[in-house]
file run09.txt (compact mmCIF, C-alpha atoms)
# COMPACT_ATOMS: atom_id res chain seq x y z
CA MET E 1 0.00 0.00 0.00
CA SER E 2 1.36 3.36 -0.97
CA PRO E 3 1.96 5.69 1.98
CA ARG E 4 0.53 8.49 -0.18
CA ARG E 5 -2.93 6.95 0.17
CA TRP E 6 -2.65 7.14 3.92
CA ASP E 7 -1.41 10.72 3.64
CA PHE E 8 -4.47 11.53 1.54
CA VAL E 9 -6.73 10.02 4.20
CA SER E 10 -4.96 12.04 6.91
CA ASP E 11 -5.18 15.27 4.96
CA ASN E 12 -8.89 14.94 4.16
CA ARG E 13 -10.33 13.10 7.14
CA ALA E 14 -11.68 16.27 8.76
CA ASP E 15 -13.73 17.05 5.64
CA PHE E 16 -14.99 13.59 4.70
CA GLY E 17 -14.23 11.20 7.53
CA VAL E 18 -11.91 8.19 7.54
CA LYS E 19 -14.69 5.69 6.86
CA ARG E 20 -15.94 7.39 3.69
CA ILE E 21 -12.46 8.02 2.23
CA CYS E 22 -11.42 4.43 2.87
CA GLN E 23 -14.58 3.17 1.17
CA VAL E 24 -13.95 5.32 -1.90
CA LEU E 25 -10.28 4.29 -2.09
CA GLY E 26 -11.12 0.63 -1.45
CA VAL E 27 -8.84 0.33 1.56
CA SER E 28 -9.56 -0.78 5.10
CA ARG E 29 -9.89 1.62 8.00
CA CYS E 30 -7.86 -0.70 10.20
CA GLY E 31 -5.02 -0.44 7.65
CA TYR E 32 -5.08 3.33 7.99
CA TYR E 33 -5.06 3.19 11.77
CA ARG E 34 -2.28 0.57 11.73
CA HIS E 35 -0.24 2.88 9.51
CA GLN E 36 -0.79 5.73 11.97
CA ALA E 37 0.20 3.57 14.95
CA THR E 38 3.46 2.37 13.38
CA THR E 39 4.77 5.74 12.17
CA GLN E 40 7.45 6.00 14.85
CA ALA E 41 8.61 2.41 14.37
CA ARG E 42 8.99 2.96 10.60
CA ALA E 43 10.97 6.16 11.15
CA ALA E 44 13.29 4.40 13.61
CA ARG E 45 13.83 1.49 11.22
CA GLN E 46 14.61 3.84 8.33
CA ALA E 47 17.09 5.78 10.45
CA GLU E 48 18.79 2.55 11.51
CA GLN E 49 19.06 1.39 7.91
CA ALA E 50 20.45 4.74 6.79
CA ALA E 51 23.08 4.59 9.53
CA ALA E 52 24.04 1.05 8.49
CA VAL E 53 24.38 2.09 4.85
CA ALA E 54 26.49 5.12 5.79
CA GLU E 55 28.73 2.92 7.93
CA ILE E 56 29.20 0.39 5.14
CA ARG E 57 29.97 3.13 2.61
CA GLU E 58 32.49 4.63 5.03
CA ILE E 59 34.27 1.29 5.34
CA GLN E 60 34.17 0.47 1.64
CA PRO E 61 33.66 3.69 -0.33
CA ASN E 62 34.89 2.39 -3.71
CA ILE E 63 32.54 -0.54 -4.09
CA THR E 64 29.58 0.28 -6.33
CA ALA E 65 27.77 -3.06 -6.08
CA PRO E 66 28.97 -4.80 -2.91
CA THR E 67 28.65 -8.51 -2.56
CA ALA E 68 27.47 -9.69 0.82
CA PRO E 69 30.59 -11.59 1.97
CA ARG E 70 33.02 -8.86 0.97
CA ALA E 71 30.96 -6.03 2.42
CA SER E 72 30.09 -7.79 5.65
CA MET E 73 33.65 -8.94 6.41
CA PRO E 74 34.89 -5.57 7.81
CA ASN E 75 31.74 -5.24 9.90
CA SER E 76 32.20 -8.71 11.33
CA ALA E 77 35.80 -7.90 12.21
CA ARG E 78 34.63 -4.77 14.05
CA GLY E 79 31.94 -6.71 15.91
CA VAL E 80 29.07 -5.07 14.03
CA GLY E 81 26.52 -7.58 12.81
CA ARG E 82 24.65 -6.71 9.64
CA SER E 83 22.34 -8.95 7.70
CA ILE E 84 23.02 -9.78 4.08
CA ALA E 85 19.96 -7.75 3.07
CA SER E 86 21.28 -4.64 4.86
CA VAL E 87 24.63 -4.99 3.17
CA SER E 88 23.19 -5.58 -0.29
CA ARG E 89 21.02 -2.42 -0.02
CA ALA E 90 24.14 -0.34 0.40
call {"tool": "encode", "arguments": {"input": "run09.txt", "output": "structure tokens"}}
result
Amino acid sequence: MSPRRWDFVSDNRADFGVKRICQVLGVSRCGYYRHQATTQARAARQAEQAAAVAEIREIQPNITAPTAPRASMPNSARGVGRSIASVSRA
């Protein structure tokens, strides 16, 4: 689900109400409220991922498409555990 839909619901809920907007868009109200409740968790996760990417790029600045074993090796040596998915997003 695109976050823009939820932004649209938030922006227009005072005029039309959450129930009506969700019906028109064909989305569930509980999905909207779940999105609202998890805003802080998403922001924290994105900040953590951005920090991990910055750290990996600092360690290996010349690698344009890092492979998981090569990119995770310096982190493992420093005692920083990163998943393969985190490394491959860098």
call {"tool": "residues_around", "arguments": {"input": "run09.txt", "residues": "His35 in chain E", "least_positions_apart": "3", "cutoff": "10 Å", "atoms": "all atoms listed in the file", "output": "PDB file with C-alpha atoms, in the coordinates of the input"}}
result
ATOM      1  CA  MET E   1       0.000   0.000   0.000  1.00  0.00           C
ATOM      2  CA  PRO E   3       1.960   5.690   1.980  1.00  0.00           C
ATOM      3  CA  TRP E   6      -2.650   7.140   3.920  1.00  0.00           C
ATOM      4  CA  ASP E   7      -1.410  10.720   3.640  1.00  0.00           C
ATOM      5  CA  ARG E  29      -9.890   1.620   8.000  1.00  0.00           C
ATOM      6  CA  CYS E  30      -7.860  -0.700  10.200  1.00  0.00           C
ATOM      7  CA  GLY E  31      -5.020  -0.440   7.650  1.00  0.00           C
ATOM      8  CA  TYR E  32      -5.080   3.330   7.990  1.00  0.00           C
ATOM      9  CA  THR E  38       3.460   2.370  13.380  1.00  0.00           C
ATOM     10  CA  THR E  39       4.770   5.740  12.170  1.00  0.00           C
ATOM     11  CA  GLN E  40       7.450   6.000  14.850  1.00  0.00           C
ATOM     12  CA  ARG E  42       8.990   2.960  10.600  1.00  0.00           C
TER      13      ARG E  42
END
call {"tool": "residues_near_point", "arguments": {"input": "run09.txt", "point": "(-9.2, 7.6, 2.2)", "cutoff": "10 Å", "atoms": "all atoms listed in the file", "output": "number ranges by chain"}}
result
E: 5-13, 16-29, 32
call {"tool": "atom_distance", "arguments": {"input": "run09.txt", "atom1": "CA of Ala47 in chain E", "atom2": "CA of Ser2 in chain E"}}
result
19.6 Å
call {"tool": "axis_aligned_box", "arguments": {"input": "run09.txt", "around": "range 37-52 of chain E", "padding_each_side": "8 Å", "output": "JSON"}}
result
{"center_x": 12.1, "center_y": 3.6, "center_z": 10.9, "size_x": 39.8, "size_y": 21.1, "size_z": 24.2}
